[in-house]
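Text of structure-v6.tsv, listed as TSV, C-alpha atoms and all ligand atoms:
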```
chain	number	residue	atom	x	y	z
A	1044	MET	CA	210.22	84.54	44.22
A	1045	ASP	CA	213.65	83.05	43.61
A	1046	PHE	CA	216.12	85.63	42.37
A	1047	LYS	CA	218.80	82.99	41.92
A	1048	ARG	CA	217.17	81.95	38.66
A	1049	LEU	CA	217.48	85.22	36.75
A	1050	PRO	CA	219.11	84.68	33.35
A	1051	THR	CA	222.65	85.67	32.38
A	1052	VAL	CA	222.51	88.50	29.85
A	1053	LEU	CA	224.97	88.89	26.96
A	1054	THR	CA	226.64	92.22	26.23
A	1055	ALA	CA	225.68	93.96	22.98
A	1056	GLU	CA	228.87	92.74	21.33
A	1057	GLU	CA	228.27	89.13	22.37
A	1058	LEU	CA	224.66	89.25	21.31
A	1059	ILE	CA	225.45	90.72	17.88
A	1060	ASP	CA	228.10	88.08	17.40
A	1061	LYS	CA	225.73	85.30	18.36
A	1062	MET	CA	222.93	86.50	16.08
A	1063	PHE	CA	225.10	86.95	13.02
A	1064	LYS	CA	226.84	83.63	13.55
A	1065	LYS	CA	223.48	81.94	13.66
A	1066	ALA	CA	222.32	83.73	10.51
A	1067	SER	CA	225.52	82.79	8.70
A	1068	LYS	CA	224.59	79.12	8.99
A	1069	VAL	CA	221.20	79.55	7.35
A	1070	GLY	CA	220.77	78.40	3.73
A	1071	GLY	CA	218.07	78.64	1.03
A	1072	ARG	CA	217.17	77.76	-2.56
A	1073	ASP	CA	218.81	80.85	-4.02
A	1074	LEU	CA	220.35	84.14	-2.95
A	1075	LYS	CA	216.99	85.86	-2.44
A	1076	ASP	CA	215.53	82.96	-0.46
A	1077	ARG	CA	218.70	82.66	1.61
A	1078	THR	CA	218.68	86.38	2.44
A	1079	ILE	CA	215.08	86.24	3.59
A	1080	ASN	CA	215.84	83.19	5.74
A	1081	LYS	CA	218.85	84.88	7.33
A	1082	LEU	CA	216.87	87.99	8.14
A	1083	SER	CA	213.96	86.12	9.68
A	1084	THR	CA	216.36	83.98	11.68
A	1085	ILE	CA	217.86	87.10	13.21
A	1086	SER	CA	214.53	88.64	14.08
A	1087	ASN	CA	213.20	85.36	15.50
A	1088	THR	CA	216.25	84.68	17.62
A	1089	THR	CA	216.51	88.20	19.02
A	1090	HIS	CA	212.78	88.13	19.72
A	1091	ASP	CA	213.05	84.81	21.58
A	1092	TYR	CA	216.15	85.96	23.41
A	1093	PHE	CA	214.62	89.22	24.65
A	1094	GLN	CA	211.30	87.56	25.53
A	1095	ARG	CA	213.05	84.88	27.57
A	1096	ILE	CA	214.81	87.55	29.62
A	1097	LEU	CA	211.63	89.57	30.07
A	1098	LYS	CA	209.71	86.52	31.23
A	1099	GLU	CA	212.27	85.60	33.90
A	1100	HIS	CA	211.99	88.98	35.62
A	1101	PRO	CA	209.07	89.58	37.97
A	1102	GLU	CA	206.89	92.67	37.93
A	1103	TYR	CA	209.09	94.57	40.33
A	1104	GLU	CA	206.47	97.07	41.42
A	1105	LYS	CA	204.11	94.30	42.47
A	1106	LEU	CA	206.62	92.43	44.63
A	1107	PRO	CA	205.95	92.25	48.38
A	1108	ASP	CA	207.51	95.22	50.19
A	1109	PHE	CA	210.59	93.43	51.49
A	1110	TYR	CA	211.61	92.10	48.09
A	1111	ARG	CA	210.79	95.30	46.21
A	1112	GLU	CA	212.81	97.41	48.60
A	1113	MET	CA	215.71	94.97	48.54
A	1114	VAL	CA	215.74	95.22	44.73
A	1115	ASP	CA	215.64	98.98	45.11
A	1116	ILE	CA	218.66	99.00	47.42
A	1117	LEU	CA	220.69	96.52	45.39
A	1118	VAL	CA	219.95	97.71	41.84
A	1119	GLY	CA	217.06	100.18	41.70
A	1120	VAL	CA	213.54	99.29	40.59
A	1121	ALA	CA	213.28	102.25	38.20
A	1122	ARG	CA	216.61	101.42	36.52
A	1123	LEU	CA	215.60	97.80	36.12
A	1124	LYS	CA	212.24	98.68	34.63
A	1125	LYS	CA	213.93	101.01	32.19
A	1126	ALA	CA	216.38	98.29	31.19
A	1127	LEU	CA	213.59	95.78	30.60
A	1128	ALA	CA	211.62	98.34	28.60
A	1129	SER	CA	214.65	98.91	26.40
A	1130	LEU	CA	214.62	95.21	25.46
A	1131	LEU	CA	211.04	95.57	24.30
A	1132	TRP	CA	212.01	98.62	22.31
A	1133	ALA	CA	214.96	96.87	20.66
A	1134	ASP	CA	212.81	93.84	19.89
A	1135	LYS	CA	210.18	95.96	18.15
A	1136	MET	CA	212.77	97.99	16.23
A	1137	ILE	CA	214.52	94.88	14.95
A	1138	GLN	CA	211.23	93.30	13.86
A	1139	LYS	CA	210.38	96.49	11.99
A	1140	VAL	CA	213.75	96.81	10.26
A	1141	VAL	CA	213.73	93.14	9.29
A	1142	SER	CA	210.22	93.09	7.84
A	1143	LYS	CA	211.03	96.14	5.77
A	1144	SER	CA	214.20	94.49	4.46
A	1145	ILE	CA	212.38	91.26	3.68
A	1146	ALA	CA	209.80	93.20	1.71
A	1147	GLU	CA	212.57	94.98	-0.22
A	1148	THR	CA	214.26	91.66	-0.99
A	1149	LYS	CA	210.99	90.25	-2.26
A	1150	ARG	CA	210.58	93.29	-4.48
A	1151	GLY	CA	213.83	92.32	-6.21
A	1152	ASN	CA	216.37	94.75	-4.72
A	1153	ASP	CA	219.97	93.62	-4.36
A	1154	PRO	CA	219.98	90.99	-1.53
A	1155	HIS	CA	223.69	91.54	-0.76
A	1156	LYS	CA	223.20	95.23	-0.24
A	1157	ILE	CA	220.03	94.73	1.81
A	1158	LEU	CA	221.67	92.13	4.05
A	1159	LYS	CA	224.66	94.34	4.69
A	1160	SER	CA	222.64	97.42	5.56
A	1161	THR	CA	220.16	95.48	7.71
A	1162	TYR	CA	222.99	93.88	9.68
A	1163	GLY	CA	224.38	97.33	10.27
A	1164	ARG	CA	221.07	98.66	11.52
A	1165	ILE	CA	220.44	95.68	13.79
A	1166	ALA	CA	223.93	95.99	15.26
A	1167	SER	CA	223.33	99.66	15.91
A	1168	ILE	CA	219.99	98.97	17.66
A	1169	ILE	CA	221.59	96.37	19.91
A	1170	ASP	CA	224.56	98.67	20.57
A	1171	GLN	CA	222.17	101.32	21.79
A	1172	ILE	CA	220.96	99.06	24.62
A	1173	ASP	CA	224.42	97.86	25.64
A	1174	GLU	CA	224.31	99.72	28.94
A	1175	GLN	CA	220.90	98.26	29.72
A	1176	LEU	CA	222.03	94.73	28.89
A	1177	GLN	CA	224.97	95.18	31.23
A	1178	LEU	CA	222.70	96.50	33.94
A	1179	LEU	CA	220.53	93.37	33.63
A	1180	ASN	CA	223.58	91.20	34.03
A	1181	TYR	CA	224.68	93.21	37.04
A	1182	ALA	CA	221.16	92.75	38.45
A	1183	LYS	CA	221.40	89.00	37.99
A	1184	ASN	CA	224.55	88.95	40.10
A	1185	ARG	CA	223.30	91.36	42.78
A	1186	LEU	CA	219.77	90.00	43.21
A	1187	LYS	CA	221.16	86.54	43.95
A	1188	GLU	CA	221.84	87.91	47.42
A	1189	ILE	CA	218.15	88.22	48.21
A	1190	PRO	CA	217.21	85.30	50.44
A	1191	SER	CA	214.27	83.04	49.71
A	1192	LEU	CA	212.08	83.08	52.77
A	1193	ARG	CA	209.32	80.86	54.04
A	1194	ASP	CA	206.08	81.80	55.67
A	1195	ILE	CA	207.01	80.62	59.16
A	1196	PRO	CA	207.73	82.57	62.35
A	1197	THR	CA	210.77	84.75	61.75
A	1198	VAL	CA	213.33	85.91	64.25
A	1199	VAL	CA	215.71	88.67	63.15
A	1200	VAL	CA	219.03	88.94	65.00
A	1201	ALA	CA	220.34	92.49	65.10
A	1202	GLY	CA	222.91	94.62	66.86
A	1203	TYR	CA	226.15	96.51	66.39
A	1204	PRO	CA	228.85	94.99	64.17
A	1205	ASN	CA	231.09	92.33	65.69
A	1206	VAL	CA	228.94	91.69	68.79
A	1207	GLY	CA	228.39	87.99	68.00
A	1208	LYS	CA	225.19	87.88	65.92
A	1209	SER	CA	226.49	85.32	63.44
A	1210	SER	CA	227.98	83.23	66.25
A	1211	PHE	CA	224.53	83.11	67.87
A	1212	VAL	CA	222.75	82.20	64.62
A	1213	ALA	CA	225.34	79.50	63.91
A	1214	ALA	CA	224.86	78.09	67.42
A	1215	VAL	CA	221.08	77.81	67.23
A	1216	SER	CA	220.23	77.15	63.56
A	1217	THR	CA	221.20	75.38	60.37
A	1218	ALA	CA	222.89	78.51	58.95
A	1219	LYS	CA	226.65	78.50	58.67
A	1220	PRO	CA	227.45	82.22	58.52
A	1221	GLU	CA	230.97	83.56	58.38
A	1222	ILE	CA	232.31	84.60	61.78
A	1223	ALA	CA	235.30	86.92	62.10
A	1224	SER	CA	236.77	89.47	64.44
A	1225	TYR	CA	236.24	92.49	62.26
A	1226	PRO	CA	233.10	94.62	61.86
A	1227	PHE	CA	230.71	94.06	58.93
A	1228	THR	CA	231.84	90.48	58.33
A	1229	THR	CA	228.22	89.74	57.47
A	1230	LYS	CA	227.19	91.69	54.39
A	1231	GLU	CA	224.18	89.66	53.29
A	1232	ILE	CA	221.19	88.23	55.05
A	1233	LYS	CA	221.64	84.60	56.01
A	1234	VAL	CA	218.68	82.40	56.83
A	1235	GLY	CA	218.91	79.53	59.29
A	1236	ILE	CA	216.18	77.17	60.44
A	1237	ALA	CA	215.77	76.26	64.10
A	1238	ARG	CA	213.27	73.93	65.77
A	1239	ILE	CA	211.22	75.03	68.73
A	1240	ASN	CA	208.92	72.41	70.25
A	1241	GLY	CA	209.05	70.48	66.98
A	1242	LYS	CA	208.05	73.53	64.91
A	1243	GLU	CA	210.38	75.27	62.49
A	1244	ILE	CA	211.24	78.94	62.72
A	1245	GLN	CA	213.49	81.08	60.55
A	1246	ILE	CA	216.39	82.86	62.17
A	1247	LEU	CA	217.87	85.68	60.12
A	1248	ASP	CA	221.44	86.78	60.59
A	1249	THR	CA	221.82	90.40	59.51
A	1250	PRO	CA	224.70	92.81	58.95
A	1251	GLY	CA	225.71	95.01	61.88
A	1252	LEU	CA	224.00	98.35	62.43
A	1253	LEU	CA	225.57	101.56	63.65
A	1254	ASP	CA	223.75	104.10	65.73
A	1255	ARG	CA	223.30	106.85	63.15
A	1256	PRO	CA	220.40	108.39	61.23
A	1257	LEU	CA	218.64	106.28	58.62
A	1258	SER	CA	219.72	108.67	55.88
A	1259	GLU	CA	223.38	107.97	56.67
A	1260	LYS	CA	223.10	104.20	56.83
A	1261	SER	CA	225.10	102.21	54.29
A	1262	GLU	CA	223.63	99.80	51.76
A	1263	ILE	CA	224.80	96.94	53.98
A	1264	GLU	CA	223.00	98.33	57.03
A	1265	LEU	CA	219.82	99.01	55.05
A	1266	LYS	CA	219.49	95.28	54.38
A	1267	ALA	CA	219.28	94.70	58.13
A	1268	ILE	CA	216.71	97.49	58.46
A	1269	LEU	CA	214.46	95.91	55.82
A	1270	CYS	CA	214.55	92.59	57.69
A	1271	LEU	CA	213.60	94.30	60.93
A	1272	GLN	CA	210.86	96.27	59.26
A	1273	TYR	CA	209.19	93.70	57.06
A	1274	LEU	CA	210.18	90.23	58.19
A	1275	ALA	CA	210.68	90.18	61.94
A	1276	ASP	CA	207.99	88.62	64.12
A	1277	LEU	CA	210.51	88.93	66.90
A	1278	ILE	CA	213.84	90.73	67.25
A	1279	VAL	CA	216.79	89.34	69.18
A	1280	PHE	CA	218.99	92.33	69.92
A	1281	ILE	CA	222.53	91.39	70.87
A	1282	ILE	CA	224.67	93.65	73.03
A	1283	ASP	CA	228.37	93.01	73.65
A	1284	PRO	CA	229.04	94.57	77.09
A	1285	THR	CA	232.75	93.67	76.92
A	1286	GLU	CA	233.08	96.22	74.11
A	1287	THR	CA	235.60	93.86	72.46
A	1288	CYS	CA	233.44	94.36	69.37
A	1289	GLY	CA	235.08	97.78	69.18
A	1290	TYR	CA	231.98	99.82	70.07
A	1291	SER	CA	230.92	101.32	73.39
A	1292	LEU	CA	228.06	99.93	75.45
A	1293	GLU	CA	226.53	103.40	75.37
A	1294	ASN	CA	226.35	103.44	71.57
A	1295	GLN	CA	224.92	99.94	71.51
A	1296	LEU	CA	222.18	100.88	73.98
A	1297	SER	CA	221.38	103.95	71.98
A	1298	LEU	CA	220.90	101.75	68.89
A	1299	LEU	CA	218.71	99.44	70.96
A	1300	ASN	CA	216.46	102.38	71.79
A	1301	GLU	CA	216.30	103.42	68.17
A	1302	VAL	CA	215.35	99.89	67.07
A	1303	LYS	CA	212.66	99.74	69.75
A	1304	ASN	CA	211.17	103.07	68.70
A	1305	MET	CA	211.42	102.47	65.01
A	1306	PHE	CA	209.93	99.00	64.73
A	1307	LYS	CA	207.60	98.49	67.70
A	1308	LYS	CA	208.06	94.73	67.63
A	1309	PRO	CA	208.56	92.16	70.36
A	1310	ILE	CA	212.23	92.23	71.28
A	1311	ILE	CA	214.57	90.14	73.40
A	1312	GLU	CA	217.64	92.00	74.64
A	1313	VAL	CA	220.63	89.79	75.33
A	1314	TYR	CA	224.28	90.13	76.31
A	1315	SER	CA	226.78	88.10	74.29
A	1316	LYS	CA	230.25	86.77	75.21
A	1317	SER	CA	229.23	85.82	78.79
A	1318	ASP	CA	232.50	83.89	79.08
A	1319	MET	CA	234.18	87.31	79.31
A	1320	HIS	CA	231.98	89.31	81.72
A	1321	ASN	CA	229.57	89.20	84.67
A	1322	PHE	CA	226.74	91.47	83.58
A	1323	GLN	CA	223.45	90.00	84.87
A	1324	ASP	CA	220.77	92.61	84.19
A	1325	ARG	CA	219.73	90.95	80.93
A	1326	LEU	CA	219.69	87.42	79.57
A	1327	THR	CA	223.26	86.50	78.76
A	1328	PHE	CA	224.87	83.82	76.62
A	1329	SER	CA	228.15	82.66	75.24
A	1330	ALA	CA	228.40	81.23	71.76
A	1331	LYS	CA	231.81	79.96	72.80
A	1332	THR	CA	230.72	77.82	75.77
A	1333	GLY	CA	227.03	77.41	74.95
A	1334	GLU	CA	226.05	78.92	78.30
A	1335	GLY	CA	222.66	80.67	78.32
A	1336	ILE	CA	221.64	79.69	74.80
A	1337	LYS	CA	218.86	77.38	75.95
A	1338	GLU	CA	217.33	80.13	78.07
A	1339	ILE	CA	217.26	82.47	75.07
A	1340	MET	CA	215.60	79.82	72.91
A	1341	ASP	CA	212.99	79.29	75.65
A	1342	GLU	CA	212.31	83.02	75.65
A	1343	ILE	CA	212.01	83.02	71.84
A	1344	ALA	CA	209.54	80.12	72.08
A	1345	LYS	CA	207.46	82.00	74.65
A	1346	LYS	CA	207.35	85.25	72.66
A	1347	ILE	CA	206.55	83.55	69.37
A	1348	LYS	CA	203.75	81.57	70.98
A	1349	ASN	CA	202.28	84.78	72.40
A	1350	LYS	CA	202.52	86.45	69.01
A	1351	ARG	CA	200.75	83.57	67.24
A	1352	GLN	CA	197.96	83.66	69.79
A	1353	GLN	CA	197.28	87.37	69.29
B	1	LIG	N1	234.79	85.22	73.78
B	1	LIG	C1	233.76	85.18	72.93
B	1	LIG	N2	233.91	85.67	71.68
B	1	LIG	C2	232.84	85.62	70.85
B	1	LIG	C3	231.60	85.07	71.25
B	1	LIG	N3	230.72	85.20	70.20
B	1	LIG	C4	231.42	85.78	69.20
B	1	LIG	N4	232.69	86.04	69.56
B	1	LIG	C5	233.74	86.65	68.74
B	1	LIG	O1	233.32	87.93	68.33
B	1	LIG	C6	233.73	88.22	67.00
B	1	LIG	C7	232.54	88.59	66.15
B	1	LIG	O2	231.66	87.50	66.04
B	1	LIG	P1	230.54	87.44	64.88
B	1	LIG	O3	229.61	86.35	65.28
B	1	LIG	O4	231.15	87.37	63.54
B	1	LIG	O5	229.86	88.86	65.11
B	1	LIG	P2	228.73	89.58	64.22
B	1	LIG	O6	227.90	90.35	65.16
B	1	LIG	O7	228.06	88.61	63.34
B	1	LIG	O8	229.62	90.60	63.37
B	1	LIG	P3	229.22	91.34	61.96
B	1	LIG	O9	228.73	90.29	61.03
B	1	LIG	O10	230.50	91.93	61.52
B	1	LIG	O11	228.20	92.35	62.31
B	1	LIG	C8	234.45	86.95	66.52
B	1	LIG	O12	235.83	87.12	66.67
B	1	LIG	C9	233.92	85.88	67.44
B	1	LIG	O13	234.84	84.82	67.61
B	1	LIG	C10	231.49	84.56	72.58
B	1	LIG	O14	230.46	84.07	73.03
B	1	LIG	N5	232.59	84.64	73.35
B	2	MG	MG	227.87	88.53	61.34
```

As structure tokens - that is how I would like this structure written.
Ligand SMILES: Nc1nc2c(ncn2[C@@H]2O[C@H](COP(=O)(O)OP(=O)(O)OP(=O)(O)O)[C@@H](O)[C@H]2O)c(=O)[nH]1
Ligand SMILES: [Mg+2]
Amino acid sequence: MDFKRLPTVLTAEELIDKMFKKASKVGGRDLKDRTINKLSTISNTTHDYFQRILKEHPEYEKLPDFYREMVDILVGVARLKKALASLLWADKMIQKVVSKSIAETKRGNDPHKILKSTYGRIASIIDQIDEQLQLLNYAKNRLKEIPSLRDIPTVVVAGYPNVGKSSFVAAVSTAKPEIASYPFTTKEIKVGIARINGKEIQILDTPGLLDRPLSEKSEIELKAILCLQYLADLIVFIIDPTETCGYSLENQLSLLNEVKNMFKKPIIEVYSKSDMHNFQDRLTFSAKTGEGIKEIMDEIAKKIKNKRQQ
């Protein structure tokens, strides 16, 4: 599923404008014929327009868990379904109004009058779904954030904000995440590819997590949780013992415990920023000097191999 291909959606005003402009260019043998042509053009174009949008959206409820829950966090599956249903409704209503007006025109009623009143009714139908059209456009922009993932071993890098997760991912994979000295620099999931013994693995950079109950976690943190829950074959948990990240070692270790209890997945605990400290009770690395990175990759290789052999 590639959410980057969802269509742009016009607002009600833009759509009405587009439809009527199109109809204004339609001709015919005489007034009656022209009116019928204009009306069918409007119903055909709105039908095609709505159907094209409907076709581009997946069946959200049937998406794999990770994607469905991401959509739920970013936009809301129920809201999206409602918006898509409203397009179907508008499509049907417009078809109905137009066929009635065409029949009236054929019966010899005043084409000018019919055209004017039908335009008014179509505009009012489209106006009624303006909010839904705007929601679909919002969804297009939000759902772009959802990464396209491959079915290969997946390592999820997690930890408190600012501890050096992105620096690690940048050092070992093809991803080029933003790195900065303030918390929550990473707001979206970034996917990098790394090679281990000639085989590709995915390494996911995630937003920082704080040690607090799930119900209090922000939208940004929830994205990291979904990766840990649904995508991780292996977790690399990064701890910054220098506390230059701005958070205490105690809080970071408490989050580590929570992650261990919550996900029950193979985990590698590592200290970052080894150029600034001498802690030795875990694997340690420095993204700055490159020290210790190879050892962590070796450990990842070992754990992934074990997992595949299970
Ligand atoms: N001295 C030193 N600084 C580092 C190292 N790794 C990262 N930093 C610094 O730590 C800060 C945070 O690095 P990031 O890689 O953006 O941290 P992050 O965990 O991805 O942060 P969020 O995305 O906000 O959660 C930056 O100022 C980095 O330059 C390291 O090995 N040594
Ligand atoms: Mg980051």

task: Determine, counting all atoms listed in the file, which protein, DNA and RNA residues have an atom within 10 Å of an atom of Arg1164 (chain A); residues of the same chain fewer than 6 positions away are not included. Present the result as a PyMOL selection string.
output: chain A and resi 1136-1137+1140-1141+1158+1170

- request: Please provide as a PyMOL selection string all residues within 9 Å of Glu1286 (chain A), with the sequence filter that same-chain residues fewer than 5 positions apart are discarded (counting all atoms listed in the file).
  value: chain A and resi 1206+1291-1292

- request: Please check which protein, DNA or RNA residues sit within 7 Å of ligand MG 2 (chain B), counting all atoms listed in the file, and write them as a VMD selection string.
  value: chain A and resid 1205 1207 to 1209 1220 to 1222 1227 to 1229 1248 to 1251

field: Who sits within 9 Å of region 1274-1282 of chain A, all atoms listed in the file, same chain under 6 positions skipped, as a ChimeraX atom specification
entry: /A:1109,1196-1203,1206-1208,1247,1292,1295-1296,1299,1302,1308-1315,1343,1346-1347,1350

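Comparing the minimum interatomic distances between Arg1150 (chain A) and each of A:Lys1075, A:Arg1193, A:Gln1094, A:Ala1218, counting only C-alpha atoms, we find that A:Lys1075 sits nearest.
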
Pick from A:Leu1271, A:Ile1232, A:Leu1176, A:Leu1192 nearest to Lys1125 (chain A), counting only C-alpha atoms: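 Of A:Leu1271, A:Ile1232, A:Leu1176, A:Leu1192, the one nearest Lys1125 (chain A) is A:Leu1176, counting only C-alpha atoms.
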
query: Any idea what's packed within 10 Å of Asp1173 (chain A), counting only C-alpha atoms, ignoring anything in its chain fewer than 2 positions away? Could you give it as a count of residues only?
result: 17

message: Using only C-alpha atoms for the distances, tell me which of A:Lys1139, A:Pro1226, A:Ile1263, A:Glu1174 is nearest to Ile1116 (chain A).
response: A:Ile1263

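Atom to atom, CA of Arg1072 (chain A) and CA of Thr1088 (chain A) stand 21.4 Å apart.
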
field: Pick from A:Glu1338, A:Glu1301, A:Asp1318, A:Asp1194 nearest to ligand LIG 1 (chain B), counting all atoms listed in the file
entry: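 Looking only at the distances to ligand LIG 1 (chain B), the closest residue turns out to be A:Asp1318.
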
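Interatomic distance, CA of Asn1240 (chain A) against CA of Ser1191 (chain A): 23.7 Å.
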
query: Between CA of Ile1059 (chain A) and CA of Asp1153 (chain A), what is the spacing in Å?
result: 23.1 Å

message: When you look at Ile1239 (chain A) with a cut-off of 9 Å (counting only C-alpha atoms), what residues show up, excluding the ones that are within fewer than 6 positions of it in the same chain? I need them as a list in words.
response: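 Listed by chain and then number, they are Met1340, Asp1341, Ile1343 and Ala1344 of chain A.
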
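The nearest approach to ligand LIG 1 (chain B) among the residues A:Glu1188, A:Asp1091, A:Glu1259, A:Glu1334, with all atoms listed in the file taken into account, belongs to A:Glu1334.
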
Given 5 Å on each side, where is the centre and what are the edge lengths in Å to one decimal of the axis-aligned box enclosing the listed atoms of region 1328-1342 of chain A, as lines of an AutoDock Vina configuration file?
```
center_x = 222.1
center_y = 80.6
center_z = 75.0
size_x = 29.5
size_y = 16.4
size_z = 16.6
```

- line: One residue among A:Thr1161, A:Gln1272, A:Thr1217, A:Thr1287 is nearest to Gln1138 (chain A) when using only C-alpha atoms, and that residue is A:Thr1161

Would you mind putting N, CA, C and O atoms back on region 1234-1249 of chain A and writing the result as a PDB file, in the frame of the given file?
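As written to disk, out-v9.pdb reads:
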```
ATOM      1  N   VAL A1234     219.850  82.992  56.198  1.00  0.00           N
ATOM      2  CA  VAL A1234     218.680  82.400  56.830  1.00  0.00           C
ATOM      3  C   VAL A1234     219.017  81.032  57.392  1.00  0.00           C
ATOM      4  O   VAL A1234     219.546  80.182  56.687  1.00  0.00           O
ATOM      5  N   GLY A1235     218.727  80.838  58.667  1.00  0.00           N
ATOM      6  CA  GLY A1235     218.910  79.530  59.290  1.00  0.00           C
ATOM      7  C   GLY A1235     217.568  79.044  59.813  1.00  0.00           C
ATOM      8  O   GLY A1235     216.670  79.846  60.090  1.00  0.00           O
ATOM      9  N   ILE A1236     217.420  77.738  59.897  1.00  0.00           N
ATOM     10  CA  ILE A1236     216.180  77.170  60.440  1.00  0.00           C
ATOM     11  C   ILE A1236     216.495  76.584  61.813  1.00  0.00           C
ATOM     12  O   ILE A1236     217.527  75.931  61.992  1.00  0.00           O
ATOM     13  N   ALA A1237     215.625  76.857  62.771  1.00  0.00           N
ATOM     14  CA  ALA A1237     215.770  76.260  64.100  1.00  0.00           C
ATOM     15  C   ALA A1237     214.443  75.584  64.441  1.00  0.00           C
ATOM     16  O   ALA A1237     213.399  75.931  63.881  1.00  0.00           O
ATOM     17  N   ARG A1238     214.505  74.610  65.348  1.00  0.00           N
ATOM     18  CA  ARG A1238     213.270  73.930  65.770  1.00  0.00           C
ATOM     19  C   ARG A1238     212.930  74.319  67.179  1.00  0.00           C
ATOM     20  O   ARG A1238     213.790  74.300  68.058  1.00  0.00           O
ATOM     21  N   ILE A1239     211.684  74.717  67.379  1.00  0.00           N
ATOM     22  CA  ILE A1239     211.220  75.030  68.730  1.00  0.00           C
ATOM     23  C   ILE A1239     209.967  74.197  68.973  1.00  0.00           C
ATOM     24  O   ILE A1239     208.999  74.330  68.238  1.00  0.00           O
ATOM     25  N   ASN A1240     210.028  73.337  69.950  1.00  0.00           N
ATOM     26  CA  ASN A1240     208.920  72.410  70.250  1.00  0.00           C
ATOM     27  C   ASN A1240     208.445  71.693  68.981  1.00  0.00           C
ATOM     28  O   ASN A1240     207.250  71.602  68.723  1.00  0.00           O
ATOM     29  N   GLY A1241     209.381  71.242  68.181  1.00  0.00           N
ATOM     30  CA  GLY A1241     209.050  70.480  66.980  1.00  0.00           C
ATOM     31  C   GLY A1241     208.615  71.334  65.802  1.00  0.00           C
ATOM     32  O   GLY A1241     208.448  70.834  64.700  1.00  0.00           O
ATOM     33  N   LYS A1242     208.466  72.661  66.025  1.00  0.00           N
ATOM     34  CA  LYS A1242     208.050  73.530  64.910  1.00  0.00           C
ATOM     35  C   LYS A1242     209.240  74.335  64.389  1.00  0.00           C
ATOM     36  O   LYS A1242     210.072  74.783  65.171  1.00  0.00           O
ATOM     37  N   GLU A1243     209.258  74.529  63.066  1.00  0.00           N
ATOM     38  CA  GLU A1243     210.380  75.270  62.490  1.00  0.00           C
ATOM     39  C   GLU A1243     210.173  76.780  62.574  1.00  0.00           C
ATOM     40  O   GLU A1243     209.064  77.274  62.377  1.00  0.00           O
ATOM     41  N   ILE A1244     211.262  77.488  62.843  1.00  0.00           N
ATOM     42  CA  ILE A1244     211.240  78.940  62.720  1.00  0.00           C
ATOM     43  C   ILE A1244     212.452  79.367  61.887  1.00  0.00           C
ATOM     44  O   ILE A1244     213.424  78.626  61.783  1.00  0.00           O
ATOM     45  N   GLN A1245     212.347  80.541  61.301  1.00  0.00           N
ATOM     46  CA  GLN A1245     213.490  81.080  60.550  1.00  0.00           C
ATOM     47  C   GLN A1245     214.261  82.021  61.461  1.00  0.00           C
ATOM     48  O   GLN A1245     213.659  82.855  62.133  1.00  0.00           O
ATOM     49  N   ILE A1246     215.584  81.889  61.438  1.00  0.00           N
ATOM     50  CA  ILE A1246     216.390  82.860  62.170  1.00  0.00           C
ATOM     51  C   ILE A1246     217.274  83.581  61.161  1.00  0.00           C
ATOM     52  O   ILE A1246     218.024  82.957  60.409  1.00  0.00           O
ATOM     53  N   LEU A1247     217.136  84.902  61.117  1.00  0.00           N
ATOM     54  CA  LEU A1247     217.870  85.680  60.120  1.00  0.00           C
ATOM     55  C   LEU A1247     219.070  86.379  60.745  1.00  0.00           C
ATOM     56  O   LEU A1247     218.919  87.154  61.690  1.00  0.00           O
ATOM     57  N   ASP A1248     220.229  86.070  60.191  1.00  0.00           N
ATOM     58  CA  ASP A1248     221.440  86.780  60.590  1.00  0.00           C
ATOM     59  C   ASP A1248     221.557  88.013  59.691  1.00  0.00           C
ATOM     60  O   ASP A1248     221.397  87.913  58.479  1.00  0.00           O
ATOM     61  N   THR A1249     221.778  89.167  60.303  1.00  0.00           N
ATOM     62  CA  THR A1249     221.820  90.400  59.510  1.00  0.00           C
ATOM     63  C   THR A1249     223.162  91.102  59.685  1.00  0.00           C
ATOM     64  O   THR A1249     223.889  90.837  60.642  1.00  0.00           O
TER      65      THR A1249
END
```
